[in-house]
>>> print(open('work_28.tsv').read())   # TSV, C-alpha atoms
chain	number	residue	atom	x	y	z
A	1	MET	CA	-37.92	-183.02	-19.33
A	2	SER	CA	-37.73	-179.25	-18.98
A	3	ASP	CA	-34.12	-178.96	-17.86
A	4	GLY	CA	-32.67	-181.30	-20.44
A	5	THR	CA	-31.16	-184.72	-20.20
A	6	ALA	CA	-28.31	-184.93	-17.73
A	7	THR	CA	-25.37	-187.27	-17.98
A	8	ALA	CA	-24.67	-189.49	-14.97
A	9	GLU	CA	-21.75	-187.24	-13.95
A	10	ASP	CA	-23.81	-184.07	-14.35
A	11	LEU	CA	-26.62	-185.49	-12.27
A	12	ASP	CA	-24.21	-186.63	-9.54
A	13	VAL	CA	-22.79	-183.12	-9.31
A	14	ARG	CA	-26.22	-181.46	-9.29
A	15	LEU	CA	-27.51	-183.76	-6.56
A	16	GLU	CA	-24.34	-183.61	-4.48
A	17	LYS	CA	-24.37	-179.80	-4.22
A	18	HIS	CA	-27.54	-180.08	-2.11
A	19	ARG	CA	-26.08	-182.62	0.35
A	20	VAL	CA	-25.10	-180.23	3.17
A	21	GLU	CA	-28.38	-178.32	3.30
A	22	LEU	CA	-30.38	-181.55	3.02
A	23	THR	CA	-28.33	-183.05	5.85
A	24	GLY	CA	-29.10	-179.98	7.95
A	25	TYR	CA	-32.81	-180.38	7.22
A	26	CYS	CA	-32.87	-184.10	8.00
A	27	TYR	CA	-30.79	-183.55	11.14
A	28	ARG	CA	-33.28	-180.99	12.45
A	29	MET	CA	-36.11	-183.41	11.64
A	30	LEU	CA	-34.51	-186.53	13.16
A	31	GLY	CA	-32.18	-185.29	15.91
A	32	SER	CA	-29.59	-187.90	14.89
A	33	SER	CA	-26.35	-187.31	13.02
A	34	PHE	CA	-26.18	-190.76	11.50
A	35	GLU	CA	-29.88	-191.11	10.75
A	36	ALA	CA	-29.73	-187.72	9.01
A	37	GLU	CA	-26.89	-188.84	6.78
A	38	ASP	CA	-28.70	-192.11	6.03
A	39	ALA	CA	-31.86	-190.14	5.17
A	40	VAL	CA	-29.95	-187.89	2.77
A	41	GLN	CA	-28.29	-190.84	1.10
A	42	ASP	CA	-31.71	-192.46	0.68
A	43	THR	CA	-33.06	-189.16	-0.71
A	44	LEU	CA	-30.30	-188.87	-3.30
A	45	VAL	CA	-30.66	-192.51	-4.35
A	46	ARG	CA	-34.42	-192.07	-4.78
A	47	ALA	CA	-33.84	-188.88	-6.75
A	48	TRP	CA	-31.34	-190.63	-9.01
A	49	ARG	CA	-33.68	-193.53	-9.67
A	50	SER	CA	-36.72	-191.36	-10.38
A	51	TYR	CA	-35.01	-188.48	-12.18
A	52	ASP	CA	-36.56	-189.46	-15.50
A	53	LYS	CA	-39.97	-188.75	-13.89
A	54	PHE	CA	-38.94	-185.31	-12.66
A	55	GLU	CA	-40.85	-182.96	-14.92
A	56	GLY	CA	-39.25	-179.74	-13.77
A	57	ARG	CA	-42.48	-178.09	-12.62
A	58	SER	CA	-40.60	-177.18	-9.45
A	59	SER	CA	-36.90	-176.61	-8.86
A	60	MET	CA	-34.65	-179.58	-8.23
A	61	ARG	CA	-34.11	-178.21	-4.71
A	62	SER	CA	-37.84	-178.26	-3.94
A	63	TRP	CA	-38.14	-181.75	-5.41
A	64	LEU	CA	-35.28	-183.02	-3.25
A	65	TYR	CA	-36.80	-181.48	-0.13
A	66	ARG	CA	-40.08	-183.23	-0.91
A	67	ILE	CA	-38.29	-186.56	-1.14
A	68	ALA	CA	-36.26	-185.85	2.02
A	69	THR	CA	-39.40	-184.89	3.94
A	70	ASN	CA	-41.11	-188.14	2.99
A	71	VAL	CA	-38.01	-190.12	4.00
A	72	CYS	CA	-37.87	-188.37	7.39
A	73	LEU	CA	-41.61	-188.75	8.05
A	74	ASP	CA	-41.29	-192.48	7.31
A	75	MET	CA	-38.35	-192.73	9.73
A	76	LEU	CA	-40.29	-190.84	12.42
A	77	SER	CA	-43.37	-193.03	12.15
A	78	ALA	CA	-42.04	-195.19	15.01
A	79	GLY	CA	-42.59	-192.20	17.28
A	80	ASN	CA	-39.16	-192.06	18.89
A	81	LYS	CA	-38.26	-188.59	20.20
A	82	ARG	CA	-34.60	-187.93	20.85
A	83	ALA	CA	-33.84	-185.97	23.99
A	84	ARG	CA	-31.23	-184.56	26.33
A	85	PRO	CA	-30.75	-186.02	29.83
A	86	MET	CA	-32.56	-183.06	31.44
A	87	ASP	CA	-35.59	-183.74	29.22
A	88	LEU	CA	-35.97	-187.21	30.77
A	89	THR	CA	-35.05	-187.04	34.47
A	90	ASP	CA	-34.50	-184.61	37.32
A	91	SER	CA	-30.95	-183.57	38.11
A	92	THR	CA	-29.09	-185.88	40.49
A	93	PRO	CA	-27.19	-184.65	43.56
A	94	LEU	CA	-23.52	-185.58	43.34
A	95	THR	CA	-23.87	-187.81	46.40
A	96	GLN	CA	-26.34	-189.99	44.45
A	97	ALA	CA	-24.59	-189.86	41.09
A	98	ALA	CA	-24.71	-193.12	39.15
A	99	LEU	CA	-23.74	-193.70	35.52
A	100	ASN	CA	-26.71	-195.46	33.94
A	101	PRO	CA	-26.48	-195.71	30.14
A	102	ARG	CA	-29.51	-195.62	27.85
A	103	PRO	CA	-29.66	-196.89	24.25
A	104	ASP	CA	-28.19	-194.72	21.48
A	105	HIS	CA	-31.60	-193.97	19.98
A	106	THR	CA	-32.58	-192.15	23.18
A	107	TRP	CA	-30.25	-189.23	22.69
A	108	LEU	CA	-30.12	-186.05	20.69
A	109	GLU	CA	-26.80	-186.35	18.89
A	110	PRO	CA	-24.07	-183.78	18.15
A	111	MET	CA	-23.26	-182.76	14.59
A	112	PRO	CA	-20.25	-180.96	13.04
A	113	ASP	CA	-21.23	-177.56	11.65
A	114	ALA	CA	-19.57	-178.32	8.32
A	115	ARG	CA	-21.95	-181.22	7.65
A	116	VAL	CA	-25.17	-179.24	8.16
A	117	LEU	CA	-24.48	-175.52	7.65
A	118	PRO	CA	-23.96	-174.48	4.02
A	119	VAL	CA	-21.70	-171.49	3.40
A	120	VAL	CA	-23.90	-168.41	2.98
A	121	GLU	CA	-22.95	-164.77	2.45
A	122	ASP	CA	-25.78	-163.22	4.48
A	123	PRO	CA	-24.69	-162.99	8.17
A	124	ALA	CA	-28.32	-162.93	9.36
A	125	GLU	CA	-29.10	-166.09	7.40
A	126	ALA	CA	-25.99	-167.76	8.78
A	127	ALA	CA	-26.98	-166.80	12.34
A	128	VAL	CA	-30.48	-168.28	11.95
A	129	ALA	CA	-29.00	-171.49	10.56
A	130	LYS	CA	-26.62	-171.80	13.53
A	131	GLU	CA	-29.34	-171.09	16.07
A	132	SER	CA	-31.53	-173.76	14.50
A	133	VAL	CA	-29.05	-176.59	15.14
A	134	ARG	CA	-28.17	-175.65	18.72
A	135	LEU	CA	-28.91	-178.36	21.24
A	136	ALA	CA	-31.63	-176.50	23.13
A	137	PHE	CA	-33.54	-175.63	19.96
A	138	MET	CA	-33.05	-179.11	18.54
A	139	ALA	CA	-34.48	-180.58	21.75
A	140	THR	CA	-37.53	-178.35	21.39
A	141	LEU	CA	-38.00	-179.43	17.78
A	142	GLN	CA	-38.13	-183.05	18.91
A	143	GLN	CA	-41.20	-182.23	21.02
A	144	LEU	CA	-43.20	-181.29	17.92
A	145	PRO	CA	-45.25	-183.80	15.90
A	146	PRO	CA	-43.30	-184.65	12.72
A	147	LYS	CA	-45.41	-182.59	10.28
A	148	GLN	CA	-45.37	-179.55	12.56
A	149	ARG	CA	-41.61	-180.00	12.80
A	150	ALA	CA	-41.30	-179.98	9.01
A	151	VAL	CA	-43.52	-176.90	8.67
A	152	LEU	CA	-41.58	-174.97	11.31
A	153	ILE	CA	-38.19	-175.81	9.78
A	154	LEU	CA	-39.28	-175.00	6.24
A	155	ARG	CA	-41.05	-171.75	7.16
A	156	GLU	CA	-38.93	-170.36	10.01
A	157	VAL	CA	-35.44	-171.71	9.30
A	158	LEU	CA	-35.40	-172.07	5.52
A	159	ALA	CA	-37.83	-169.16	4.85
A	160	TRP	CA	-40.08	-171.02	2.44
A	161	LYS	CA	-43.44	-169.47	1.55
A	162	ALA	CA	-46.57	-171.06	2.99
A	163	SER	CA	-47.70	-171.95	-0.54
A	164	GLU	CA	-44.39	-173.73	-1.22
A	165	VAL	CA	-44.66	-175.74	2.00
A	166	ALA	CA	-48.28	-176.62	1.23
A	167	GLU	CA	-47.25	-177.92	-2.19
A	168	LEU	CA	-44.38	-179.92	-0.71
A	169	LEU	CA	-46.59	-181.53	1.94
A	170	GLY	CA	-49.57	-181.98	-0.35
A	171	THR	CA	-51.81	-179.89	1.88
A	172	SER	CA	-53.45	-176.44	1.99
A	173	VAL	CA	-52.02	-173.05	2.95
A	174	PRO	CA	-54.48	-172.73	5.90
A	175	SER	CA	-53.32	-176.14	7.14
A	176	VAL	CA	-49.67	-175.03	6.94
A	177	ASN	CA	-50.40	-171.77	8.76
A	178	SER	CA	-52.29	-173.64	11.48
A	179	ALA	CA	-49.43	-176.11	11.96
A	180	LEU	CA	-46.93	-173.25	12.14
A	181	GLN	CA	-49.03	-171.45	14.75
A	182	ARG	CA	-49.19	-174.56	16.94
A	183	ALA	CA	-45.46	-175.17	16.55
A	184	ARG	CA	-44.66	-171.58	17.51
A	185	ALA	CA	-46.83	-171.93	20.60
A	186	THR	CA	-44.87	-175.00	21.68
A	187	LEU	CA	-41.59	-173.15	21.18
A	188	ALA	CA	-42.84	-170.16	23.13
A	189	ASP	CA	-43.71	-172.43	26.06
A	190	SER	CA	-40.33	-174.15	26.00
A	191	ASP	CA	-37.20	-173.16	27.87
A	192	GLY	CA	-35.33	-174.14	24.72
A	193	ALA	CA	-36.81	-171.21	22.81
A	194	ALA	CA	-35.06	-168.72	25.06
A	195	ALA	CA	-31.89	-170.78	25.01
A	196	ARG	CA	-31.56	-170.38	21.25
A	197	ALA	CA	-29.95	-166.99	21.69
A	198	ALA	CA	-27.73	-168.03	24.58
A	199	THR	CA	-24.55	-167.95	22.53
A	200	SER	CA	-23.73	-164.87	20.47
A	201	ASP	CA	-22.95	-165.34	16.81
A	202	PRO	CA	-20.23	-164.97	15.82
A	203	LEU	CA	-18.14	-165.39	18.97
A	204	ASP	CA	-17.22	-161.95	20.23
A	205	GLU	CA	-13.94	-161.04	21.90
A	206	GLU	CA	-15.33	-161.60	25.40
A	207	GLN	CA	-16.53	-165.10	24.54
A	208	GLN	CA	-13.25	-165.94	22.84
A	209	LYS	CA	-11.45	-165.02	26.05
A	210	LEU	CA	-13.95	-167.12	28.01
A	211	LEU	CA	-13.11	-170.14	25.86
A	212	GLU	CA	-9.37	-169.54	26.29
A	213	ARG	CA	-9.85	-169.41	30.07
A	214	TYR	CA	-11.95	-172.57	29.89
A	215	VAL	CA	-9.24	-174.47	28.00
A	216	ALA	CA	-6.60	-173.35	30.51
A	217	ALA	CA	-8.82	-174.33	33.45
A	218	PHE	CA	-9.86	-177.70	32.04
A	219	GLU	CA	-6.45	-178.79	30.75
A	220	GLY	CA	-4.92	-177.68	34.06
A	221	TYR	CA	-7.84	-179.25	35.96
A	222	ASP	CA	-8.06	-176.08	38.03
A	223	MET	CA	-11.47	-176.36	39.70
A	224	THR	CA	-11.26	-172.91	41.26
A	225	ALA	CA	-10.73	-171.34	37.84
A	226	LEU	CA	-13.43	-173.53	36.30
A	227	THR	CA	-15.94	-172.62	39.02
A	228	ALA	CA	-15.42	-168.95	38.20
A	229	LEU	CA	-16.43	-169.65	34.58
A	230	LEU	CA	-19.62	-171.61	35.34
A	231	HIS	CA	-23.01	-169.95	35.63
A	232	GLU	CA	-24.75	-170.67	38.95
A	233	ASP	CA	-27.38	-172.67	37.01
A	234	ALA	CA	-24.90	-174.43	34.72
A	235	VAL	CA	-25.72	-178.01	33.75
A	236	MET	CA	-23.46	-180.89	32.79
A	237	THR	CA	-24.65	-183.87	30.74
A	238	MET	CA	-22.85	-187.02	29.60
A	239	PRO	CA	-24.81	-189.09	27.05
A	240	PRO	CA	-25.18	-192.09	26.83
A	241	PHE	CA	-25.61	-191.77	30.63
A	242	ASP	CA	-28.87	-190.24	31.85
A	243	LEU	CA	-27.13	-188.54	34.78
A	244	TRP	CA	-27.02	-184.77	34.67
A	245	LEU	CA	-25.68	-182.35	37.23
A	246	SER	CA	-26.65	-178.79	38.08
A	247	GLY	CA	-24.53	-176.06	39.62
A	248	PRO	CA	-20.76	-175.48	39.81
A	249	GLU	CA	-20.32	-177.35	43.10
A	250	ASP	CA	-21.75	-180.64	41.83
A	251	ILE	CA	-20.11	-180.29	38.41
A	252	THR	CA	-16.61	-179.69	39.78
A	253	GLY	CA	-17.24	-182.23	42.52
A	254	PHE	CA	-17.97	-184.85	39.89
A	255	MET	CA	-14.87	-183.89	37.93
A	256	THR	CA	-12.64	-184.43	40.96
A	257	THR	CA	-14.22	-187.78	41.91
A	258	LEU	CA	-15.73	-189.98	39.19
A	259	GLY	CA	-14.24	-187.71	36.53
A	260	ALA	CA	-10.76	-187.47	38.04
A	261	PRO	CA	-9.08	-189.49	35.25
A	262	CYS	CA	-9.80	-186.53	32.92
A	263	ALA	CA	-7.09	-184.47	34.63
A	264	ASN	CA	-4.35	-183.29	32.23
A	265	SER	CA	-6.55	-183.82	29.16
A	266	HIS	CA	-5.87	-182.15	25.82
A	267	LEU	CA	-8.63	-180.17	24.08
A	268	VAL	CA	-8.94	-179.68	20.30
A	269	PRO	CA	-11.44	-177.01	19.14
A	270	VAL	CA	-14.40	-178.18	17.03
A	271	ALA	CA	-17.40	-176.36	15.55
A	272	VAL	CA	-20.45	-178.32	16.66
A	273	ASN	CA	-24.19	-177.56	16.61
A	274	GLY	CA	-23.56	-173.88	15.94
A	275	LEU	CA	-21.72	-173.70	19.26
A	276	PRO	CA	-18.13	-173.73	20.51
A	277	GLY	CA	-16.89	-177.19	21.34
A	278	PHE	CA	-13.84	-179.32	21.94
A	279	ALA	CA	-12.70	-182.84	21.28
A	280	GLN	CA	-11.34	-184.06	24.62
A	281	TYR	CA	-8.41	-186.46	24.67
A	282	LYS	CA	-7.69	-188.08	28.02
A	283	PRO	CA	-4.15	-189.12	29.06
A	284	ASP	CA	-3.36	-192.72	28.16
A	285	PRO	CA	-0.93	-194.12	30.77
A	286	GLU	CA	-0.11	-197.14	28.58
A	287	THR	CA	1.15	-195.15	25.59
A	288	GLY	CA	2.11	-191.87	27.22
A	289	GLY	CA	-0.17	-190.18	24.69
A	290	TYR	CA	-3.84	-189.26	24.64
A	291	THR	CA	-6.97	-191.21	23.81
A	292	ALA	CA	-10.33	-189.88	22.62
A	293	TRP	CA	-12.78	-189.41	25.48
A	294	ALA	CA	-15.58	-186.95	24.63
A	295	VAL	CA	-16.92	-184.33	22.27
A	296	GLN	CA	-17.70	-181.35	24.49
A	297	VAL	CA	-20.37	-178.83	23.48
A	298	LEU	CA	-20.48	-175.55	25.41
A	299	GLU	CA	-23.41	-173.19	25.85
A	300	THR	CA	-22.58	-169.71	27.15
A	301	SER	CA	-24.47	-166.63	28.24
A	302	GLU	CA	-23.34	-163.29	29.67
A	303	GLY	CA	-19.74	-164.33	30.04
A	304	ARG	CA	-20.42	-167.66	31.77
A	305	ILE	CA	-20.76	-171.29	30.71
A	306	THR	CA	-24.38	-172.39	31.10
A	307	GLY	CA	-24.18	-175.81	29.49
A	308	PHE	CA	-21.34	-178.35	29.46
A	309	HIS	CA	-22.37	-181.36	27.38
A	310	CYS	CA	-20.02	-184.33	26.95
A	311	PHE	CA	-20.83	-186.93	24.29
A	312	LEU	CA	-18.83	-189.98	25.26
A	313	ASP	CA	-19.31	-192.50	22.43
A	314	THR	CA	-15.97	-191.61	20.89
A	315	LYS	CA	-15.85	-194.41	18.31
A	316	ARG	CA	-18.91	-192.83	16.70
A	317	TRP	CA	-18.24	-189.12	17.23
A	318	PHE	CA	-14.54	-188.64	16.54
A	319	PRO	CA	-14.63	-190.13	13.01
A	320	LEU	CA	-17.70	-187.97	12.30
A	321	PHE	CA	-15.58	-184.91	13.10
A	322	GLY	CA	-12.61	-186.24	11.11
A	323	LEU	CA	-10.55	-186.66	14.27
A	324	PRO	CA	-8.16	-189.47	15.23
A	325	LEU	CA	-8.92	-191.67	18.22
A	326	ASN	CA	-5.39	-191.27	19.60
A	327	LEU	CA	-2.78	-188.51	19.83
A	328	GLU	CA	0.91	-188.85	20.52
A	329	GLY	CA	2.35	-187.66	23.80
A	330	ASP	CA	3.70	-184.42	22.38
A	331	ALA	CA	0.27	-183.31	21.09
A	332	ASP	CA	0.49	-179.75	19.85
A	333	LYS	CA	-1.40	-177.59	22.37
A	334	THR	CA	-1.98	-174.97	19.69
A	335	GLU	CA	-3.76	-177.46	17.42
>>> encode(input="work_28.tsv", output="structure tokens")
Amino acid sequence: MSDGTATAEDLDVRLEKHRVELTGYCYRMLGSSFEAEDAVQDTLVRAWRSYDKFEGRSSMRSWLYRIATNVCLDMLSAGNKRARPMDLTDSTPLTQAALNPRPDHTWLEPMPDARVLPVVEDPAEAAVAKESVRLAFMATLQQLPPKQRAVLILREVLAWKASEVAELLGTSVPSVNSALQRARATLADSDGAAARAATSDPLDEEQQKLLERYVAAFEGYDMTALTALLHEDAVMTMPPFDLWLSGPEDITGFMTTLGAPCANSHLVPVAVNGLPGFAQYKPDPETGGYTAWAVQVLETSEGRITGFHCFLDTKRWFPLFGLPLNLEGDADKTE
């Protein structure tokens, strides 16, 4: 074995240092937070068990990516494509709004930045990584056949050489280049491709002020102030429900009718999918405190909010973000 015999502790450490970037890769491939973490765990277990067969002809990183790719391709063989509500149905006028849930495996899932974005020193590399986990781009990735998806991520996001990708996939360089060309064409035809750059990176002063105004408007449930922050084409989604709304009038109208119990909520900032977001805690009349209600993910462009995405399955999402399901009544508003 070219890199020497590792003790169990050494091998654990060496494998573990790749966890975040592998989770990011599997998340882009699968579109699911929990499936990505399962895939990485499976990858590391397989690597542990077969380490004595690793001959060191490639780096450990390349070897782990090969295992992770095979795990993801196996998981994708069922053909399920995760999506956003607007990928599945037309928008619904507020007057016809109905909350129809779909199964968990339908939806593209949110992911905390810290679980998928390794710390890197190069700002340009960090910006590409953030763009590549944003919801719009992730939704576009899910439209690609699995092997095209792998090629695009490895070449465009992780900057692997075509020869390295060909070796990983057990194919030829022309085949990799052809798959990349087809994947790029799909992205170019997709609205999601343009949406990748919708949010500046990092947040500039103007966007920081926008978020501060948003928090004040939402916590105060001031629909006039919120309307002023929403782009005329803004969309609101609420997985696991397939309903989605378009335009400030329907969005604020929903919030003052079906969404009225969200008045006087408390928002806690979170970093999610390379975008600004908030954990929303709704008032709990029984305790006088707050109870987890949604992870909000915001998309912004030119000083306005263009996307307002609320993921409502709090028992799954809040623990993923390391957040409690309940807050006391005197929750610190500066938290």
>>> residues_around(input="work_28.tsv", residues="A:Thr89", least_positions_apart="3", cutoff="8 Å", atoms="all atoms listed in the file", output="list in words")
Pro85, Met86 and Asp242 of chain A
>>> residues_around(input="work_28.tsv", residues="A:Lys282", least_positions_apart="2", cutoff="9 Å", atoms="all atoms listed in the file", output="JSON, numbers by chain")
{"A": [261, 262, 263, 264, 265, 266, 267, 280, 284, 289, 290, 291, 292, 293, 294]}
>>> closest_residue(input="work_28.tsv", among="A:Met138, A:Met255, A:Ala127, A:Leu229", to="A:Lys209", atoms="all atoms listed in the file")
A:Leu229
>>> atom_distance(input="work_28.tsv", atom1="atom CA of A:Val235", atom2="atom CA of A:Gly307")
5.0 Å
>>> residues_around(input="work_28.tsv", residues="A:Gln148", least_positions_apart="6", cutoff="8 Å", atoms="all atoms listed in the file", output="JSON, numbers by chain")
{"A": [179, 180, 182, 183]}
>>> residues_around(input="work_28.tsv", residues="stretch 60-76 of chain A", least_positions_apart="5", cutoff="7 Å", atoms="all atoms listed in the file", output="PyMOL selection string")
chain A and resi 26+29-30+39-40+43+47+146+168
>>> atom_distance(input="work_28.tsv", atom1="atom CA of A:Trp107", atom2="atom CA of A:Ser77")
17.3 Å
>>> atom_distance(input="work_28.tsv", atom1="atom CA of A:Gly274", atom2="atom CA of A:Arg134")
5.7 Å
>>> closest_residue(input="work_28.tsv", among="A:His18, A:His105, A:Lys53, A:Lys147", to="A:Gly170", atoms="only C-alpha atoms")
A:Lys147
>>> residues_around(input="work_28.tsv", residues="A:Pro240", least_positions_apart="5", cutoff="12 Å", atoms="only C-alpha atoms", output="short mmCIF file (atom, residue, chain, number, x, y, z; two decimals) with C-alpha atoms, in the coordinates of the input")
data_model
loop_
_atom_site.label_atom_id
_atom_site.label_comp_id
_atom_site.auth_asym_id
_atom_site.auth_seq_id
_atom_site.Cartn_x
_atom_site.Cartn_y
_atom_site.Cartn_z
CA ARG A 82 -34.60 -187.93 20.85
CA ALA A 83 -33.84 -185.97 23.99
CA ARG A 84 -31.23 -184.56 26.33
CA PRO A 85 -30.75 -186.02 29.83
CA LEU A 99 -23.74 -193.70 35.52
CA ASN A 100 -26.71 -195.46 33.94
CA PRO A 101 -26.48 -195.71 30.14
CA ARG A 102 -29.51 -195.62 27.85
CA PRO A 103 -29.66 -196.89 24.25
CA ASP A 104 -28.19 -194.72 21.48
CA HIS A 105 -31.60 -193.97 19.98
CA THR A 106 -32.58 -192.15 23.18
CA TRP A 107 -30.25 -189.23 22.69
CA LEU A 108 -30.12 -186.05 20.69
CA GLU A 109 -26.80 -186.35 18.89
CA ALA A 294 -15.58 -186.95 24.63
CA HIS A 309 -22.37 -181.36 27.38
CA CYS A 310 -20.02 -184.33 26.95
CA PHE A 311 -20.83 -186.93 24.29
CA LEU A 312 -18.83 -189.98 25.26
CA ASP A 313 -19.31 -192.50 22.43
CA THR A 314 -15.97 -191.61 20.89
CA ARG A 316 -18.91 -192.83 16.70
#
>>> closest_residue(input="work_28.tsv", among="A:Val20, A:Ala217, A:Val165, A:Leu154", to="A:Pro112", atoms="all atoms listed in the file")
A:Val20
>>> closest_residue(input="work_28.tsv", among="A:Pro145, A:Gly303, A:Pro283, A:Gly24", to="A:Leu211", atoms="all atoms listed in the file")
A:Gly303
>>> axis_aligned_box(input="work_28.tsv", around="stretch 313-332 of chain A", padding_each_side="8 Å", output="lines of an AutoDock Vina configuration file")
center_x = -7.8
center_y = -187.1
center_z = 17.5
size_x = 39.0
size_y = 30.7
size_z = 28.7
>>> residues_near_point(input="work_28.tsv", point="(-22.8, -165.7, 31.1)", cutoff="12 Å", atoms="only C-alpha atoms", output="PyMOL selection string")
chain A and resi 197-200+206-207+210-211+228-234+298-307
>>> closest_residue(input="work_28.tsv", among="A:Asp250, A:Glu167, A:Glu212, A:Glu328", to="A:Thr287", atoms="only C-alpha atoms")
A:Glu328
>>> residues_near_point(input="work_28.tsv", point="(-23.4, -177.7, 6.7)", cutoff="8 Å", atoms="all atoms listed in the file", output="JSON, numbers by chain")
{"A": [20, 21, 23, 24, 112, 113, 114, 115, 116, 117, 118, 119]}
>>> closest_residue(input="work_28.tsv", among="A:Ser175, A:Val270, A:Val297, A:Ala166", to="A:Gly322", atoms="all atoms listed in the file")
A:Val270
>>> build_atoms(input="work_28.tsv", residues="stretch 260-279 of chain A", atoms="N, CA and C atoms", output="PDB file, keeping the file's coordinate frame")
ATOM      1  N   ALA A 260     -12.162-187.808  37.775  1.00  0.00           N
ATOM      2  CA  ALA A 260     -10.760-187.470  38.040  1.00  0.00           C
ATOM      3  C   ALA A 260      -9.774-187.932  36.973  1.00  0.00           C
ATOM      4  N   PRO A 261     -10.017-189.087  36.293  1.00  0.00           N
ATOM      5  CA  PRO A 261      -9.080-189.490  35.250  1.00  0.00           C
ATOM      6  C   PRO A 261      -8.969-188.514  34.076  1.00  0.00           C
ATOM      7  N   CYS A 262      -9.863-187.511  34.009  1.00  0.00           N
ATOM      8  CA  CYS A 262      -9.800-186.530  32.920  1.00  0.00           C
ATOM      9  C   CYS A 262      -8.760-185.442  33.176  1.00  0.00           C
ATOM     10  N   ALA A 263      -8.129-185.451  34.350  1.00  0.00           N
ATOM     11  CA  ALA A 263      -7.090-184.470  34.630  1.00  0.00           C
ATOM     12  C   ALA A 263      -5.993-184.557  33.571  1.00  0.00           C
ATOM     13  N   ASN A 264      -5.450-183.391  33.206  1.00  0.00           N
ATOM     14  CA  ASN A 264      -4.350-183.290  32.230  1.00  0.00           C
ATOM     15  C   ASN A 264      -4.773-183.698  30.823  1.00  0.00           C
ATOM     16  N   SER A 265      -6.071-183.542  30.520  1.00  0.00           N
ATOM     17  CA  SER A 265      -6.550-183.820  29.160  1.00  0.00           C
ATOM     18  C   SER A 265      -6.043-182.765  28.180  1.00  0.00           C
ATOM     19  N   HIS A 266      -6.208-183.073  26.901  1.00  0.00           N
ATOM     20  CA  HIS A 266      -5.870-182.150  25.820  1.00  0.00           C
ATOM     21  C   HIS A 266      -7.145-181.860  25.044  1.00  0.00           C
ATOM     22  N   LEU A 267      -7.428-180.579  24.783  1.00  0.00           N
ATOM     23  CA  LEU A 267      -8.630-180.170  24.080  1.00  0.00           C
ATOM     24  C   LEU A 267      -8.305-179.656  22.679  1.00  0.00           C
ATOM     25  N   VAL A 268      -9.063-180.127  21.692  1.00  0.00           N
ATOM     26  CA  VAL A 268      -8.940-179.680  20.300  1.00  0.00           C
ATOM     27  C   VAL A 268     -10.245-178.985  19.908  1.00  0.00           C
ATOM     28  N   PRO A 269     -10.194-177.711  19.476  1.00  0.00           N
ATOM     29  CA  PRO A 269     -11.440-177.010  19.140  1.00  0.00           C
ATOM     30  C   PRO A 269     -12.193-177.677  17.992  1.00  0.00           C
ATOM     31  N   VAL A 270     -13.531-177.715  18.116  1.00  0.00           N
ATOM     32  CA  VAL A 270     -14.400-178.180  17.030  1.00  0.00           C
ATOM     33  C   VAL A 270     -15.593-177.243  16.946  1.00  0.00           C
ATOM     34  N   ALA A 271     -16.173-177.136  15.760  1.00  0.00           N
ATOM     35  CA  ALA A 271     -17.400-176.360  15.550  1.00  0.00           C
ATOM     36  C   ALA A 271     -18.548-177.354  15.496  1.00  0.00           C
ATOM     37  N   VAL A 272     -19.444-177.283  16.483  1.00  0.00           N
ATOM     38  CA  VAL A 272     -20.450-178.320  16.660  1.00  0.00           C
ATOM     39  C   VAL A 272     -21.784-177.684  17.030  1.00  0.00           C
ATOM     40  N   ASN A 273     -22.838-178.048  16.316  1.00  0.00           N
ATOM     41  CA  ASN A 273     -24.190-177.560  16.610  1.00  0.00           C
ATOM     42  C   ASN A 273     -24.265-176.036  16.738  1.00  0.00           C
ATOM     43  N   GLY A 274     -23.528-175.331  15.908  1.00  0.00           N
ATOM     44  CA  GLY A 274     -23.560-173.880  15.940  1.00  0.00           C
ATOM     45  C   GLY A 274     -22.995-173.294  17.217  1.00  0.00           C
ATOM     46  N   LEU A 275     -22.245-174.095  17.961  1.00  0.00           N
ATOM     47  CA  LEU A 275     -21.720-173.700  19.260  1.00  0.00           C
ATOM     48  C   LEU A 275     -20.224-173.990  19.341  1.00  0.00           C
ATOM     49  N   PRO A 276     -19.527-173.354  20.285  1.00  0.00           N
ATOM     50  CA  PRO A 276     -18.130-173.730  20.510  1.00  0.00           C
ATOM     51  C   PRO A 276     -18.054-175.108  21.139  1.00  0.00           C
ATOM     52  N   GLY A 277     -17.047-175.860  20.771  1.00  0.00           N
ATOM     53  CA  GLY A 277     -16.890-177.190  21.340  1.00  0.00           C
ATOM     54  C   GLY A 277     -15.441-177.637  21.276  1.00  0.00           C
ATOM     55  N   PHE A 278     -15.189-178.775  21.897  1.00  0.00           N
ATOM     56  CA  PHE A 278     -13.840-179.320  21.940  1.00  0.00           C
ATOM     57  C   PHE A 278     -13.892-180.839  21.881  1.00  0.00           C
ATOM     58  N   ALA A 279     -12.933-181.408  21.190  1.00  0.00           N
ATOM     59  CA  ALA A 279     -12.700-182.840  21.280  1.00  0.00           C
ATOM     60  C   ALA A 279     -11.734-183.042  22.448  1.00  0.00           C
TER      61      ALA A 279
END
